[in-house]
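Shown here: upload-v4.txt, compact mmCIF, C-alpha atoms.
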```txt
# COMPACT_ATOMS: atom_id res chain seq x y z
CA MET A 1 74.23 63.31 186.08
CA SER A 2 75.36 63.10 182.44
CA ASP A 3 71.71 62.94 181.34
CA THR A 4 70.97 66.02 183.46
CA LEU A 5 73.88 67.89 181.90
CA GLN A 6 72.66 67.01 178.40
CA TRP A 7 69.20 68.25 179.31
CA VAL A 8 70.59 71.52 180.72
CA GLU A 9 72.62 71.95 177.54
CA GLN A 10 69.38 71.61 175.60
CA ILE A 11 67.85 74.40 177.68
CA ARG A 12 70.90 76.54 176.94
CA SER A 13 70.51 75.81 173.25
CA ASP A 14 66.80 76.62 173.32
CA LEU A 15 67.47 79.96 175.03
CA LYS A 16 70.58 80.90 173.04
CA PRO A 17 68.76 83.50 170.88
CA LEU A 18 67.46 85.15 174.04
CA GLU A 19 70.93 85.16 175.58
CA GLY A 20 72.26 86.80 172.42
CA LYS A 21 69.78 89.67 172.82
CA ILE A 22 70.91 90.17 176.42
CA LEU A 23 74.63 90.09 175.65
CA GLY A 24 74.29 92.38 172.62
CA HIS A 25 71.85 94.81 174.18
CA SER A 26 71.69 98.42 173.01
CA TYR A 27 72.13 99.70 176.57
CA LEU A 28 75.51 97.99 176.86
CA LYS A 29 76.58 99.31 173.48
CA ALA A 30 75.62 102.86 174.42
CA LEU A 31 77.43 102.56 177.72
CA ALA A 32 80.60 101.24 176.06
CA GLU A 33 80.51 104.16 173.63
CA GLY A 34 80.11 106.71 176.44
CA ARG A 35 76.71 107.89 175.22
CA LEU A 36 75.03 107.94 178.63
CA GLN A 37 75.14 110.92 180.94
CA ARG A 38 76.67 110.21 184.33
CA ASP A 39 73.38 111.02 186.08
CA GLN A 40 71.66 108.35 183.99
CA LEU A 41 73.84 105.73 185.65
CA LYS A 42 71.92 106.36 188.86
CA VAL A 43 68.93 104.48 187.45
CA PHE A 44 70.96 101.28 187.31
CA ALA A 45 72.09 101.64 190.93
CA LEU A 46 68.57 102.42 192.14
CA GLN A 47 67.00 99.44 190.37
CA GLN A 48 69.67 97.06 191.61
CA HIS A 49 69.13 98.24 195.16
CA HIS A 50 65.47 97.23 194.95
CA ILE A 51 66.24 93.97 193.14
CA ILE A 52 68.95 92.73 195.47
CA SER A 53 67.02 93.78 198.57
CA SER A 54 64.10 91.70 197.29
CA ASP A 55 66.30 88.75 196.30
CA LEU A 56 67.79 88.61 199.79
CA ARG A 57 64.33 88.07 201.25
CA SER A 58 63.42 85.58 198.53
CA ILE A 59 66.49 83.39 199.00
CA ALA A 60 66.03 83.46 202.77
CA LEU A 61 62.43 82.34 202.21
CA ILE A 62 63.32 79.35 200.06
CA VAL A 63 66.02 78.32 202.55
CA SER A 64 63.38 78.27 205.27
CA ARG A 65 60.94 76.36 203.02
CA GLN A 66 63.38 73.70 201.82
CA GLY A 67 64.72 72.72 205.23
CA MET A 68 67.71 70.38 205.07
CA LEU A 69 67.61 69.49 201.39
CA PRO A 70 71.01 69.22 199.65
CA SER A 71 70.44 72.67 198.14
CA ARG A 72 70.59 74.38 201.54
CA ARG A 73 74.33 75.13 201.39
CA PHE A 74 74.04 76.40 197.82
CA MET A 75 71.16 78.73 198.70
CA LEU A 76 72.98 80.00 201.78
CA ASN A 77 76.01 80.78 199.60
CA VAL A 78 73.75 82.68 197.18
CA LEU A 79 72.27 84.55 200.13
CA GLN A 80 75.71 85.52 201.41
CA GLY A 81 76.78 86.59 197.92
CA GLU A 82 73.72 88.81 197.55
CA ALA A 83 74.47 90.47 200.89
CA VAL A 84 78.05 91.22 199.81
CA ALA A 85 76.77 92.50 196.45
CA LEU A 86 74.36 94.89 198.15
CA ASP A 87 77.18 96.45 200.17
CA ALA A 88 79.29 96.76 197.01
CA LEU A 89 76.37 98.32 195.14
CA HIS A 90 76.10 101.00 197.79
CA ALA A 91 79.74 101.92 197.18
CA PHE A 92 78.90 102.41 193.49
CA ALA A 93 75.81 104.43 194.39
CA ASP A 94 77.88 106.60 196.71
CA ALA A 95 80.30 107.33 193.86
CA LEU A 96 77.32 108.59 191.86
CA GLY A 97 76.20 110.88 194.68
CA LEU A 98 73.35 108.71 195.96
CA ASP A 99 72.85 108.13 199.67
CA ALA A 100 70.80 105.52 201.55
CA SER A 101 67.67 107.68 201.64
CA ASP A 102 67.81 108.16 197.85
CA LEU A 103 67.98 104.39 197.32
CA GLU A 104 64.98 103.73 199.55
CA VAL A 105 62.72 106.58 198.46
CA LEU A 106 63.04 106.46 194.67
CA GLU A 107 60.67 104.01 193.03
CA PRO A 108 61.53 100.86 191.06
CA LEU A 109 60.68 100.66 187.37
CA PRO A 110 58.01 97.99 186.81
CA ALA A 111 59.81 96.35 183.86
CA ALA A 112 63.07 96.29 185.80
CA HIS A 113 61.37 94.79 188.86
CA THR A 114 59.87 91.77 187.07
CA TYR A 115 63.10 89.78 187.56
CA CYS A 116 63.04 89.88 191.34
CA ALA A 117 59.25 89.48 191.41
CA PHE A 118 59.66 86.15 189.62
CA VAL A 119 62.50 85.10 191.94
CA ALA A 120 60.12 85.82 194.82
CA TRP A 121 57.41 83.75 193.11
CA LEU A 122 59.80 80.82 192.72
CA ALA A 123 60.89 81.14 196.35
CA LEU A 124 57.27 81.00 197.50
CA TYR A 125 55.69 78.56 195.06
CA GLY A 126 58.54 76.84 193.22
CA SER A 127 61.29 74.40 194.11
CA ASP A 128 65.00 74.68 194.76
CA ALA A 129 65.57 72.80 191.49
CA GLU A 130 63.67 75.42 189.50
CA LEU A 131 65.54 78.29 191.13
CA ALA A 132 68.96 76.64 190.78
CA GLY A 133 68.24 75.82 187.14
CA ALA A 134 67.11 79.37 186.41
CA PHE A 135 70.21 80.81 188.07
CA LEU A 136 72.46 78.38 186.20
CA ILE A 137 71.16 79.67 182.86
CA ASN A 138 70.84 83.32 183.85
CA PHE A 139 73.90 84.19 185.93
CA PRO A 140 76.52 83.76 183.15
CA ALA A 141 74.73 86.34 180.96
CA TRP A 142 74.33 88.72 183.90
CA GLY A 143 77.99 88.26 184.85
CA ALA A 144 79.17 88.90 181.30
CA ASN A 145 77.17 92.13 181.13
CA CYS A 146 78.51 93.21 184.53
CA GLY A 147 82.04 92.71 183.19
CA ARG A 148 81.28 94.90 180.18
CA MET A 149 79.73 97.54 182.41
CA ARG A 150 82.71 97.51 184.74
CA ASN A 151 85.11 98.22 181.89
CA ALA A 152 82.92 100.93 180.38
CA LEU A 153 82.32 102.66 183.72
CA HIS A 154 86.03 102.82 184.42
CA GLU A 155 87.18 103.77 180.93
CA LYS A 156 84.36 106.05 179.76
CA TYR A 157 82.99 107.49 182.99
CA ASP A 158 86.11 107.54 185.15
CA VAL A 159 84.50 105.58 188.00
CA ALA A 160 87.22 104.48 190.42
CA PRO A 161 87.93 100.72 190.67
CA SER A 162 87.09 100.85 194.38
CA ALA A 163 83.49 101.76 193.46
CA LEU A 164 83.17 98.94 190.92
CA ALA A 165 83.39 95.92 193.23
CA PHE A 166 79.72 95.17 192.57
CA PHE A 167 80.44 94.50 188.92
CA ASP A 168 83.62 92.57 189.69
CA LEU A 169 81.72 90.23 192.00
CA PHE A 170 79.36 89.08 189.27
CA ALA A 171 81.84 89.24 186.40
CA ASN A 172 84.25 86.97 188.28
CA MET A 173 81.69 84.68 189.86
CA PRO A 174 83.04 81.10 190.21
CA SER A 175 81.19 78.39 188.32
CA PHE A 176 78.53 76.60 190.35
CA GLU A 177 77.43 74.27 187.55
CA GLN A 178 78.20 70.98 189.28
CA GLU A 179 76.39 72.00 192.43
CA ALA A 180 73.39 73.28 190.48
CA LEU A 181 73.27 70.07 188.41
CA GLY A 182 73.14 68.06 191.62
CA ILE A 183 70.25 70.18 192.92
CA ILE A 184 68.40 69.78 189.62
CA GLN A 185 68.93 66.02 189.65
CA ASN A 186 67.73 65.80 193.24
CA GLY A 187 64.65 67.77 192.29
CA LEU A 188 63.91 65.49 189.34
CA ASP A 189 64.37 62.47 191.59
CA ARG A 190 61.81 63.99 194.01
CA GLY A 191 59.30 64.42 191.19
CA VAL A 192 59.84 68.05 190.16
CA PRO A 193 58.68 68.09 186.50
CA ALA A 194 61.51 68.84 184.07
CA ARG A 195 59.26 71.23 182.17
CA LEU A 196 59.00 73.47 185.25
CA ILE A 197 62.78 73.82 185.47
CA HIS A 198 62.91 74.68 181.77
CA ARG A 199 60.06 77.15 182.29
CA ALA A 200 61.81 78.82 185.23
CA ALA A 201 64.99 79.33 183.17
CA ARG A 202 63.03 80.69 180.20
CA MET A 203 61.00 83.06 182.32
CA LEU A 204 63.94 84.41 184.31
CA GLN A 205 66.00 84.95 181.17
CA ASN A 206 63.12 86.86 179.59
CA TYR A 207 62.83 89.01 182.68
CA GLU A 208 66.57 89.67 182.45
CA LEU A 209 66.03 91.02 178.95
CA MET A 210 63.15 93.15 180.21
CA TYR A 211 65.51 94.62 182.80
CA TRP A 212 67.97 95.78 180.13
CA ASP A 213 65.09 97.08 178.02
CA ALA A 214 63.98 99.12 181.03
CA MET A 215 67.50 100.51 181.48
CA ALA A 216 67.56 101.53 177.83
CA GLY A 217 64.13 103.11 178.04
CA ALA A 218 65.05 105.13 181.11
CA ALA A 219 68.18 106.40 179.33
CA GLY A 220 66.31 107.24 176.13
CA ILE A 221 68.25 104.64 174.11
CA PRO A 222 66.26 103.17 171.21
CA LEU A 223 66.21 99.40 171.07
CA ALA A 224 67.79 97.71 168.10
CA PRO A 225 65.49 95.74 165.76
CA GLY A 226 64.70 92.40 167.32
CA GLU A 227 65.24 93.55 170.94
```
Full structure transcribed into structure tokens:
Amino acid sequence: MSDTLQWVEQIRSDLKPLEGKILGHSYLKALAEGRLQRDQLKVFALQQHHIISSDLRSIALIVSRQGMLPSRRFMLNVLQGEAVALDALHAFADALGLDASDLEVLEPLPAAHTYCAFVAWLALYGSDAELAGAFLINFPAWGANCGRMRNALHEKYDVAPSALAFFDLFANMPSFEQEALGIIQNGLDRGVPARLIHRAARMLQNYELMYWDAMAGAAGIPLAPGE
């Protein structure tokens, strides 16, 4: 397990510049400075509705594919967490004046949808080790940005705390590193190539950045040099 941890730390190191672009994104800076119009926040809610709805199906698919592998409990926990997050997202959407029909009818942005499209690809063609490894690298950056959004939405846009549970869920997500490391090790032991786990983490983190780029583009926020 110590060798697996060292290898995961190498992935983190390799992707550190990419994580820095996500954490320091122009969209988050504009939000923290109150430069978005309240109506522009609807884009975030609409895209997340499509993404989480897709991820629910994807995680259910990989659970059905993987059978009784040790990752089953982990994936079921992810599935349950996504279901809770979707309900919490709808409370945020409601605070913005969006109802269920709005969320279903309005179209996803292609660049914002690449994240969940890749999760679906992994669920169909990849392994539990690839998906767990990708989540292990990606979720901390997503959670950190959700925490920043939560604070900005409350302080700059006067969104009530009761409507911000979606952001709290991800910002305060418990660590699942040990469980993910075990899934990765089990995958390696079964013959999953290490390079595919590294690839999955790199791809998902790049799609995360594309999501924030899409949010900035929809809000008319210019990207900083290097983004």
Review point. Which one of A:Gly220, A:Pro70, A:Gly97, A:Gly147 sits closest to A:Gly182 if you count all atoms listed in the file?
Key: A:Pro70
Review point. Between A:Ile197, A:Ile221, A:Leu164, A:Leu169, which has the minimum distance to A:Glu82 (counting only C-alpha atoms)?
Key: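 Residue with the minimum atom-to-atom distance to A:Glu82: A:Leu169.
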Return as lines of an AutoDock Vina configuration file the box centre and box size in Å, one decimal, for an axis-aligned box around all listed atoms of stretch 144-158 of chain A padded by 3 Å per side.
```
center_x = 82.2
center_y = 98.2
center_z = 182.5
size_x = 16.0
size_y = 24.6
size_z = 11.4
```
Go through stretch 158-226 of chain A residue by residue and, counting only C-alpha atoms, keep those with an atom at most 8 Å from stretch 84-96 of chain A; for each kept residue give the shortest atom pair and its distance in Å to one decimal, ordered by chain and increasing number, as a tab-separated table.
```
residue	atom	partner	partner_atom	distance
A:Val159	CA	A:Ala95	CA	7.4
A:Ser162	CA	A:Ala91	CA	7.9
A:Ala163	CA	A:Phe92	CA	4.6
A:Leu164	CA	A:Phe92	CA	6.1
A:Ala165	CA	A:Ala88	CA	5.6
A:Phe166	CA	A:Ala88	CA	4.7
A:Leu169	CA	A:Ala85	CA	7.0
```
Review point. For A:Gln178, which of A:Leu103, A:Leu124, A:Leu41, A:Ala132 is the closest residue, counting all atoms listed in the file?
Key: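 Nearest to A:Gln178: A:Ala132.
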Exercise for review: For A:Met173, please output as number ranges by chain all residues within 10 Å (counting all atoms listed in the file; exclusion window: fewer than 2 positions along the same chain).
Suggested key: A: 81, 139-140, 143-144, 167-171, 175-176
Review point. Looking at A:Arg65, A:Arg35, A:Arg57, A:Lys156, which one is nearest to A:Ala120, with distances taken over only C-alpha atoms?
Key: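 Checking each of A:Arg65, A:Arg35, A:Arg57, A:Lys156 against A:Ala120, counting only C-alpha atoms, the winner is A:Arg57.
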Could I get the residues of stretch 80-158 of chain A with an atom no further than 12 Å from an atom of stretch 11-27 of chain A, each paired with its nearest atom pair and that distance in Å to one decimal, using only C-alpha atoms, sorted by chain and residue number, as a tab-separated table?
```
residue	atom	partner	partner_atom	distance
A:Gly133	CA	A:Ile11	CA	9.6
A:Ala134	CA	A:Ile11	CA	10.1
A:Phe135	CA	A:Arg12	CA	11.9
A:Leu136	CA	A:Arg12	CA	9.6
A:Ile137	CA	A:Arg12	CA	6.7
A:Asn138	CA	A:Glu19	CA	8.5
A:Phe139	CA	A:Glu19	CA	10.8
A:Pro140	CA	A:Glu19	CA	9.5
A:Ala141	CA	A:Leu23	CA	6.5
A:Trp142	CA	A:Ile22	CA	8.4
A:Gly143	CA	A:Leu23	CA	10.0
A:Ala144	CA	A:Leu23	CA	7.3
A:Asn145	CA	A:Leu23	CA	6.4
A:Cys146	CA	A:Leu23	CA	10.2
A:Gly147	CA	A:Leu23	CA	10.9
A:Arg148	CA	A:Leu23	CA	9.4
A:Met149	CA	A:Tyr27	CA	9.8
A:Ala152	CA	A:Tyr27	CA	11.5
```
Practice item. Within 9 Å of (67.6, 97.8, 182.0) (coordinates as in the file), grab all the protein and nucleic acid residues, counting all atoms listed in the file, and write them out as a ChimeraX atom specification. Key: /A:27,43-44,47,111-112,208-218
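With distances taken over only C-alpha atoms, A:Glu177 is the one residue among A:Glu177, A:Asp158, A:Glu107, A:Asp55 lying closest to A:Val8.
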Exercise for review: Rank A:Leu36, A:Ile62, A:Val119, A:Ala45 by their smallest atom-to-atom distance to A:Leu98, using all atoms listed in the file, and report the top residue only.
Suggested key: A:Ala45
Practice item. For atom CA of A:Gly126 and atom CA of A:Arg190, quote the distance in Å rounded to one decimal. Key: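 Interatomic distance here is 13.3 Å.
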Review point. What is the distance, in Å and to one decimal place, between atom CA of A:Arg38 and atom CA of A:Glu155?
Key: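 Taking atom CA of A:Arg38 as the start and atom CA of A:Glu155 as the end point, the length is 12.8 Å.
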Practice item. Just give me the gap between atom CA of A:Leu46 and atom CA of A:Leu131 in Å, one decimal is fine. Key: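 We find that atom CA of A:Leu46 and atom CA of A:Leu131 lie 24.3 Å from each other.
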